[in-house]
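For reference, the structure discussed in these notes is given below.
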Amino acid sequence: MNAQREAFEETDGLLHQTTSLLDTLYDLAMDSDTLGNSEPEAVRLMTLLEIAREKAQEALQAHHKRGWD
């Protein structure tokens with residue numbers, strides 16, 4: 001396997017892990033009724049998690065679109 005392919009696969013794995021972690025954190029926050037809490041910190045946390053989750057998914061899609069060759 002060439003170095004470019006190895007780097008692609010390593011990045012792909014890390015992006016999948018990041019996306020999965022952010023999805024889990026978001027789901028956990030939803031289950032713990034963070035959204036029902038109107039405190040500014042809770043609202044800010046949910047907003048940051050949602051943005052991070054979307055950005056991770058976009059990065060993974062862009063990575064797949066680019067391919068490894």
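Quick note on naming: the chains in the structure tokens go A, B, ... in the order shown, residues restart at 1 in each chain, and ligands are numbered from 1 in order of appearance.
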What's around His64 in chain A at 12 Å? Count only C-alpha atoms, leave out sequence neighbours fewer than 6 positions away in its own chain, and write the answer as a ChimeraX atom specification. /A:8-9,11-13,15-16,57-58
Could you turn the residues from that selection into a file that holds all heavy atoms, as an mmCIF file, in the first residue's frame?
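File written: selection30.cif
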```cif
data_model
loop_
_atom_site.group_PDB
_atom_site.id
_atom_site.type_symbol
_atom_site.label_atom_id
_atom_site.label_comp_id
_atom_site.auth_asym_id
_atom_site.auth_seq_id
_atom_site.Cartn_x
_atom_site.Cartn_y
_atom_site.Cartn_z
ATOM 1 N N PHE A 8 -4.719 8.436 3.501
ATOM 2 C CA PHE A 8 -6.151 8.568 3.256
ATOM 3 C C PHE A 8 -6.937 7.693 4.226
ATOM 4 O O PHE A 8 -7.899 8.149 4.844
ATOM 5 C CB PHE A 8 -6.502 8.196 1.816
ATOM 6 C CG PHE A 8 -7.983 8.237 1.538
ATOM 7 C CD1 PHE A 8 -8.585 9.414 1.151
ATOM 8 C CD2 PHE A 8 -8.773 7.103 1.682
ATOM 9 C CE1 PHE A 8 -9.957 9.471 0.903
ATOM 10 C CE2 PHE A 8 -10.136 7.148 1.440
ATOM 11 C CZ PHE A 8 -10.729 8.339 1.052
ATOM 12 N N GLU A 9 -6.525 6.436 4.347
ATOM 13 C CA GLU A 9 -7.255 5.510 5.213
ATOM 14 C C GLU A 9 -7.146 5.898 6.679
ATOM 15 O O GLU A 9 -8.111 5.763 7.430
ATOM 16 C CB GLU A 9 -6.777 4.085 4.960
ATOM 17 C CG GLU A 9 -7.234 3.581 3.605
ATOM 18 C CD GLU A 9 -6.875 2.141 3.337
ATOM 19 O OE1 GLU A 9 -6.283 1.477 4.219
ATOM 20 O OE2 GLU A 9 -7.198 1.665 2.233
ATOM 21 N N THR A 11 -6.745 9.012 7.834
ATOM 22 C CA THR A 11 -7.605 10.189 7.971
ATOM 23 C C THR A 11 -9.064 9.782 7.961
ATOM 24 O O THR A 11 -9.866 10.287 8.750
ATOM 25 C CB THR A 11 -7.320 11.199 6.841
ATOM 26 O OG1 THR A 11 -5.940 11.581 6.899
ATOM 27 C CG2 THR A 11 -8.187 12.433 6.965
ATOM 28 N N ASP A 12 -9.408 8.860 7.088
ATOM 29 C CA ASP A 12 -10.785 8.371 7.007
ATOM 30 C C ASP A 12 -11.222 7.767 8.336
ATOM 31 O O ASP A 12 -12.312 8.069 8.839
ATOM 32 C CB ASP A 12 -10.895 7.336 5.882
ATOM 33 C CG ASP A 12 -12.323 7.000 5.545
ATOM 34 O OD1 ASP A 12 -13.083 7.908 5.170
ATOM 35 O OD2 ASP A 12 -12.684 5.807 5.666
ATOM 36 N N GLY A 13 -10.374 6.953 8.916
ATOM 37 C CA GLY A 13 -10.691 6.342 10.202
ATOM 38 C C GLY A 13 -10.867 7.384 11.299
ATOM 39 O O GLY A 13 -11.801 7.306 12.106
ATOM 40 N N LEU A 15 -11.699 10.558 10.911
ATOM 41 C CA LEU A 15 -12.919 11.321 10.655
ATOM 42 C C LEU A 15 -14.159 10.536 11.056
ATOM 43 O O LEU A 15 -15.103 11.094 11.609
ATOM 44 C CB LEU A 15 -12.995 11.741 9.182
ATOM 45 C CG LEU A 15 -12.068 12.878 8.772
ATOM 46 C CD1 LEU A 15 -12.045 13.025 7.250
ATOM 47 C CD2 LEU A 15 -12.483 14.180 9.428
ATOM 48 N N HIS A 16 -14.154 9.229 10.794
ATOM 49 C CA HIS A 16 -15.285 8.391 11.219
ATOM 50 C C HIS A 16 -15.397 8.370 12.742
ATOM 51 O O HIS A 16 -16.502 8.484 13.282
ATOM 52 C CB HIS A 16 -15.135 6.963 10.689
ATOM 53 C CG HIS A 16 -15.636 6.777 9.296
ATOM 54 N ND1 HIS A 16 -16.976 6.745 8.983
ATOM 55 C CD2 HIS A 16 -14.974 6.621 8.129
ATOM 56 C CE1 HIS A 16 -17.115 6.575 7.680
ATOM 57 N NE2 HIS A 16 -15.911 6.500 7.136
ATOM 58 N N GLN A 57 -19.236 15.916 9.783
ATOM 59 C CA GLN A 57 -19.892 15.193 8.689
ATOM 60 C C GLN A 57 -19.501 15.784 7.335
ATOM 61 O O GLN A 57 -19.251 15.044 6.377
ATOM 62 C CB GLN A 57 -21.406 15.212 8.882
ATOM 63 C CG GLN A 57 -21.859 14.367 10.048
ATOM 64 C CD GLN A 57 -23.316 14.576 10.428
ATOM 65 O OE1 GLN A 57 -23.980 15.481 9.946
ATOM 66 N NE2 GLN A 57 -23.816 13.735 11.314
ATOM 67 N N GLU A 58 -19.418 17.105 7.261
ATOM 68 C CA GLU A 58 -18.998 17.760 6.017
ATOM 69 C C GLU A 58 -17.560 17.390 5.673
ATOM 70 O O GLU A 58 -17.241 17.132 4.501
ATOM 71 C CB GLU A 58 -19.121 19.277 6.142
ATOM 72 C CG GLU A 58 -20.543 19.777 6.165
ATOM 73 C CD GLU A 58 -20.636 21.264 6.502
ATOM 74 O OE1 GLU A 58 -19.587 21.960 6.574
ATOM 75 O OE2 GLU A 58 -21.760 21.739 6.715
#
```
What does the distance from CA of Arg66 in chain A to CA of Thr24 in chain A come to in Å, to one decimal? 26.3 Å
How close does each residue of range 6-38 of chain A get to range 49-56 of chain A, giving the shortest atom pair and distance in Å to one decimal for every residue with an atom at most 12 Å away, counting only C-alpha atoms, sorted by chain and residue number, as a tab-separated table?
```
residue	atom	partner	partner_atom	distance
A:Asp12	CA	A:Ala56	CA	11.3
A:Leu14	CA	A:Ala56	CA	10.3
A:Leu15	CA	A:Ala56	CA	6.9
A:His16	CA	A:Ala56	CA	8.5
A:Gln17	CA	A:Ala56	CA	9.8
A:Thr18	CA	A:Ala56	CA	6.9
A:Thr19	CA	A:Ala56	CA	5.5
A:Ser20	CA	A:Arg53	CA	8.8
A:Leu21	CA	A:Arg53	CA	8.9
A:Leu22	CA	A:Arg53	CA	5.5
A:Asp23	CA	A:Arg53	CA	6.4
A:Thr24	CA	A:Arg53	CA	9.8
A:Leu25	CA	A:Leu49	CA	7.5
A:Tyr26	CA	A:Leu49	CA	6.1
A:Asp27	CA	A:Leu49	CA	9.9
A:Leu28	CA	A:Leu49	CA	10.8
A:Ala29	CA	A:Leu49	CA	8.9
A:Met30	CA	A:Leu49	CA	10.6
A:Thr34	CA	A:Leu49	CA	11.5
A:Leu35	CA	A:Glu50	CA	11.8
```
Restricted to C-alpha atoms, what would the selected residues look like written as a CSV table (one decimal), in the first residue's frame?
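Wrote selection-v2.csv, looks like this:
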```csv
chain,number,residue,atom,x,y,z
A,12,ASP,CA,-10.8,8.4,7.0
A,14,LEU,CA,-10.1,9.4,12.3
A,15,LEU,CA,-12.9,11.3,10.7
A,16,HIS,CA,-15.3,8.4,11.2
A,17,GLN,CA,-14.3,8.2,14.9
A,18,THR,CA,-14.7,12.0,15.3
A,19,THR,CA,-18.1,11.9,13.6
A,20,SER,CA,-19.2,9.0,15.8
A,21,LEU,CA,-18.0,10.6,19.0
A,22,LEU,CA,-19.8,13.9,18.2
A,23,ASP,CA,-23.0,12.0,17.3
A,24,THR,CA,-22.8,10.1,20.6
A,25,LEU,CA,-22.2,13.3,22.6
A,26,TYR,CA,-25.1,15.0,20.8
A,27,ASP,CA,-27.4,12.1,21.5
A,28,LEU,CA,-26.4,11.9,25.1
A,29,ALA,CA,-27.0,15.7,25.5
A,30,MET,CA,-30.5,15.2,23.9
A,34,THR,CA,-30.1,19.6,27.9
A,35,LEU,CA,-32.4,21.2,25.4
```
What parts of chain A does DSSP call helix (DSSP H, G or I)? I'd like the answer as number ranges by chain. A: 3-31, 40-66
